[in-house]
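What follows is a short report on a single structure.
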Amino acid sequence: MRDIVEKLYTSGDLSDEELSALITSDDSDAAELLKKYADETRRKYYGTKVFLRGLIEISSYCKNDCLYCGIRRSSSDADRYRLSREDILSCCKNGYSLGFRTFVMQGGEDPFFTDDVMVPLIAEIKKKYPDCAVTLSLGERSYESYRRMKDAGADRYLLRHEAASEELYSKLHPEHMSLSRRKECLFALRELGYQVGAGFMVGAPFQTTSHLIEDLRFLQELRPQMIGIGPFIPHHSTPFAEEKGGTLELTLRLLGILRLLFPMVLLPATTALGTIAPNGRELGLMTGCNVVMPNLSPVKVRKKYDLYDNKICTGEEAAECRGCLQRRIESAGYTVANERGDCVDNA
Ligand code: SAH
């Protein structure tokens with residue numbers, strides 16, 4: 001197995017068979033070597049820097065019905081909220097003073113946040129904080145909507161493809177959603193000049209190794225600037241309540257592989273990874289990750305952005321989250337970078 005890791009490191013790719021062997025291997029020597037090369041690679045392009053993204057969860061209303069997600073439309077016991085413009089601006093103000101230079105506005109697909117609401121909001125944030133990047137993560141919208149928000153100043157868009165296999169995608173989503181529509185959105189975002197983030201859940205129900213390989217191949221085709229992956233974690237009021245969650249080992253394995261397949265990509269150590277293991281994010285950083293996304297949402301709404309059970313960081317103020325993450329980053333041997341943190345590959 002070590003030879004496969006060596007090959008991935010030196011050539012930057014593997015055959016499907018080799019990827020499959022590496023994903024499923026329980027060889028701990030190979031896992032160590034993968035971690036070492038992933039860390040060397042991130043250091044080559046990013047040094048010890050870890051970029052912070054201040055996450056503002058703007059709404060838990062969602063018209064969509066993804067089977068895995070705790071804020072899906074059918075979650076009748078979900079506690080819904082939506083932040084006001086003032087709430088969002090005050091999160092940015094707080095975040096700016098804490099050193100954040102990227103704000104991520106993420107939410108369910110809430111029909112309230114039309115382009116006429118988003119466009120002036122984005123413009124105002126960019127005007128107040130011209131040295132900051134604005135990232136959106138608001139799900140599927142029309143080309144025209146993506147265009148208007150880009151023109152207003154949005155820099156980046158996160159839209160996980162969730163599953164690059166038609167068959168798996170359709171098992172995770174309601175009938176009216178399609179992988180082709182999702183891909184269309186991602187390619188539109190790229191064409192419009194957004195820095196794009198795609199990604200998938202690890203250990204989602206029905207997911208096999210060959211589905212994961214399809215995810216990696218799709219990412220090679222899309223070449224996003226960021227790749228967000230985290231373990232699937234069941235939520236008690238979804239149809240997947242009784243399913244098993246993704247594991248730490250498999251998530252770390254895939255993070256290491258992603259770092260070597262995409263040496264310059266931005267790779268977050270996600271909140272979901274920190275939820276399944278107390279030191280999950282630190283281990284992620286040591287396996288190639290170079291981004292963390294501390295929660296900037298007002299504490300009063302945090303528990304309501306309830307994507308999966310036991311989500312961490314729902315009780316603290318933003319400043320506490322920032323401090324806690326800084327300690328974690330430094331304990332893992334890295335440094336916090338108070339900068340926008342663009343991808344070094346702008347090709
Ligand atoms: N509405 C936006 C934001 C979705 S939430 C959008 O559609 O892009 C961000 C991500 O959380 C999703 O893309 C999904 O991959 C992840 N997520 C949702 N439910 C999850 C669960 N139960 N376990 C782990 N991750 C989950």
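So you can find residues: chains in the structure tokens are A, B, ... in the order shown, residues in each start at 1, and ligands are numbered from 1 in order.
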Close residues to ligand 1 using only C-alpha atoms and all ligand atoms, limit 8 Å, as a PyMOL selection string: chain A and resi 62+66+68-70+106-109+137-140+158-162+199-201+204+229-235+245+272+307-309
For Tyr146 of chain A: contacts at 9 Å, only C-alpha atoms, fewer than 2 positions along chain excluded, given as a list in words: Asp115, Arg141, Ser142, Tyr143, Glu144, Arg148, Met149, Lys150, Asp151, Cys185, Ala188, Leu189 and Leu192 of chain A
Writer output for current selection, C-alpha atoms, as a compact mmCIF listing (two decimals), in the first residue's frame:
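Written output follows (part.txt):
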```txt
# COMPACT_ATOMS: atom_id res chain seq x y z
CA ASP A 115 -31.92 38.71 -5.16
CA ARG A 141 -30.51 29.46 -7.73
CA SER A 142 -30.91 30.65 -11.29
CA TYR A 143 -27.99 31.74 -13.49
CA GLU A 144 -29.40 35.25 -13.39
CA ARG A 148 -26.63 39.52 -9.98
CA MET A 149 -25.03 38.50 -6.70
CA LYS A 150 -21.61 38.25 -8.37
CA ASP A 151 -22.06 41.72 -9.84
CA CYS A 185 -25.24 25.36 -11.05
CA ALA A 188 -22.50 28.37 -14.03
CA LEU A 189 -20.86 29.66 -10.85
CA LEU A 192 -19.44 33.67 -13.73
```
Could you give me, as a tab-separated table, every segment 222-332 of chain A residue with an atom at most 10 Å from segment 32-50 of chain A, plus its closest atom pair and distance in Å to one decimal, counting only C-alpha atoms, rows ordered by chain then number?
```
residue	atom	partner	partner_atom	distance
A:Leu252	CA	A:Lys35	CA	8.4
A:Arg253	CA	A:Leu34	CA	7.8
A:Leu254	CA	A:Leu34	CA	9.9
A:Leu255	CA	A:Ala38	CA	8.3
A:Gly256	CA	A:Ala38	CA	5.3
A:Ile257	CA	A:Leu34	CA	7.4
A:Leu258	CA	A:Ala38	CA	8.5
A:Arg259	CA	A:Ala38	CA	5.6
A:Leu260	CA	A:Ala38	CA	6.0
A:Leu261	CA	A:Ala38	CA	9.7
A:Phe262	CA	A:Thr41	CA	9.5
A:Pro263	CA	A:Thr41	CA	6.2
A:Met264	CA	A:Tyr45	CA	6.4
A:Val265	CA	A:Arg42	CA	8.8
A:Leu266	CA	A:Arg42	CA	9.3
A:Leu267	CA	A:Arg42	CA	9.5
A:Pro268	CA	A:Val50	CA	9.1
A:Ala269	CA	A:Val50	CA	9.9
A:Leu283	CA	A:Lys35	CA	9.3
A:Gly284	CA	A:Lys35	CA	9.4
A:Leu285	CA	A:Asp39	CA	8.1
A:Met286	CA	A:Asp39	CA	6.0
A:Thr287	CA	A:Lys35	CA	4.8
A:Gly288	CA	A:Ala38	CA	4.8
A:Cys289	CA	A:Arg42	CA	7.5
A:Asn290	CA	A:Val50	CA	4.7
A:Val291	CA	A:Val50	CA	5.2
A:Val292	CA	A:Val50	CA	7.1
A:Gln326	CA	A:Val50	CA	9.5
A:Ile329	CA	A:Val50	CA	7.5
A:Glu330	CA	A:Thr48	CA	9.6
A:Ala332	CA	A:Thr48	CA	10.0
```
Within 12 Å of segment 85-98 of chain A using only C-alpha atoms, minus same-chain residues under 2 positions, as a PyMOL selection string: chain A and resi 52-59+81-83+100-106+112-113+117-134+293-301+317-323+326+336-340
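Nearest to Leu136 of chain A of all the residues A:Gly153, A:Pro111, A:Gly12, A:Gly246 is A:Gly153, counting only C-alpha atoms.
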Close residues, Arg223 of chain A itself excluded, 10 Å, only C-alpha atoms, min 5 positions apart in chain, as a PyMOL selection string: chain A and resi 190+196-198+217-218+262+265
Polymer residues at most 12 Å from Ser74 of chain A, only C-alpha atoms, same-chain spacing of 2 or more positions, as a PyMOL selection string: chain A and resi 61-72+76-78+174+237-239
Residue nearest Leu186 of chain A among A:Ala241, A:Leu168, A:Ile213, A:Leu219 (counting only C-alpha atoms): A:Leu219
Between atom CA of Lys183 of chain A and atom CA of Leu22 of chain A, distance in Å (one decimal):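 So the two atoms, atom CA of Lys183 of chain A and atom CA of Leu22 of chain A, lie 27.0 Å apart.
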Helix (DSSP H, G or I) per DSSP on the backbone: members of segment 120-335 of chain A, as a ChimeraX atom specification: /A:120-128,143-151,166-172,179-191,209-222,248-261,271-276,280-285,299-302,318-331
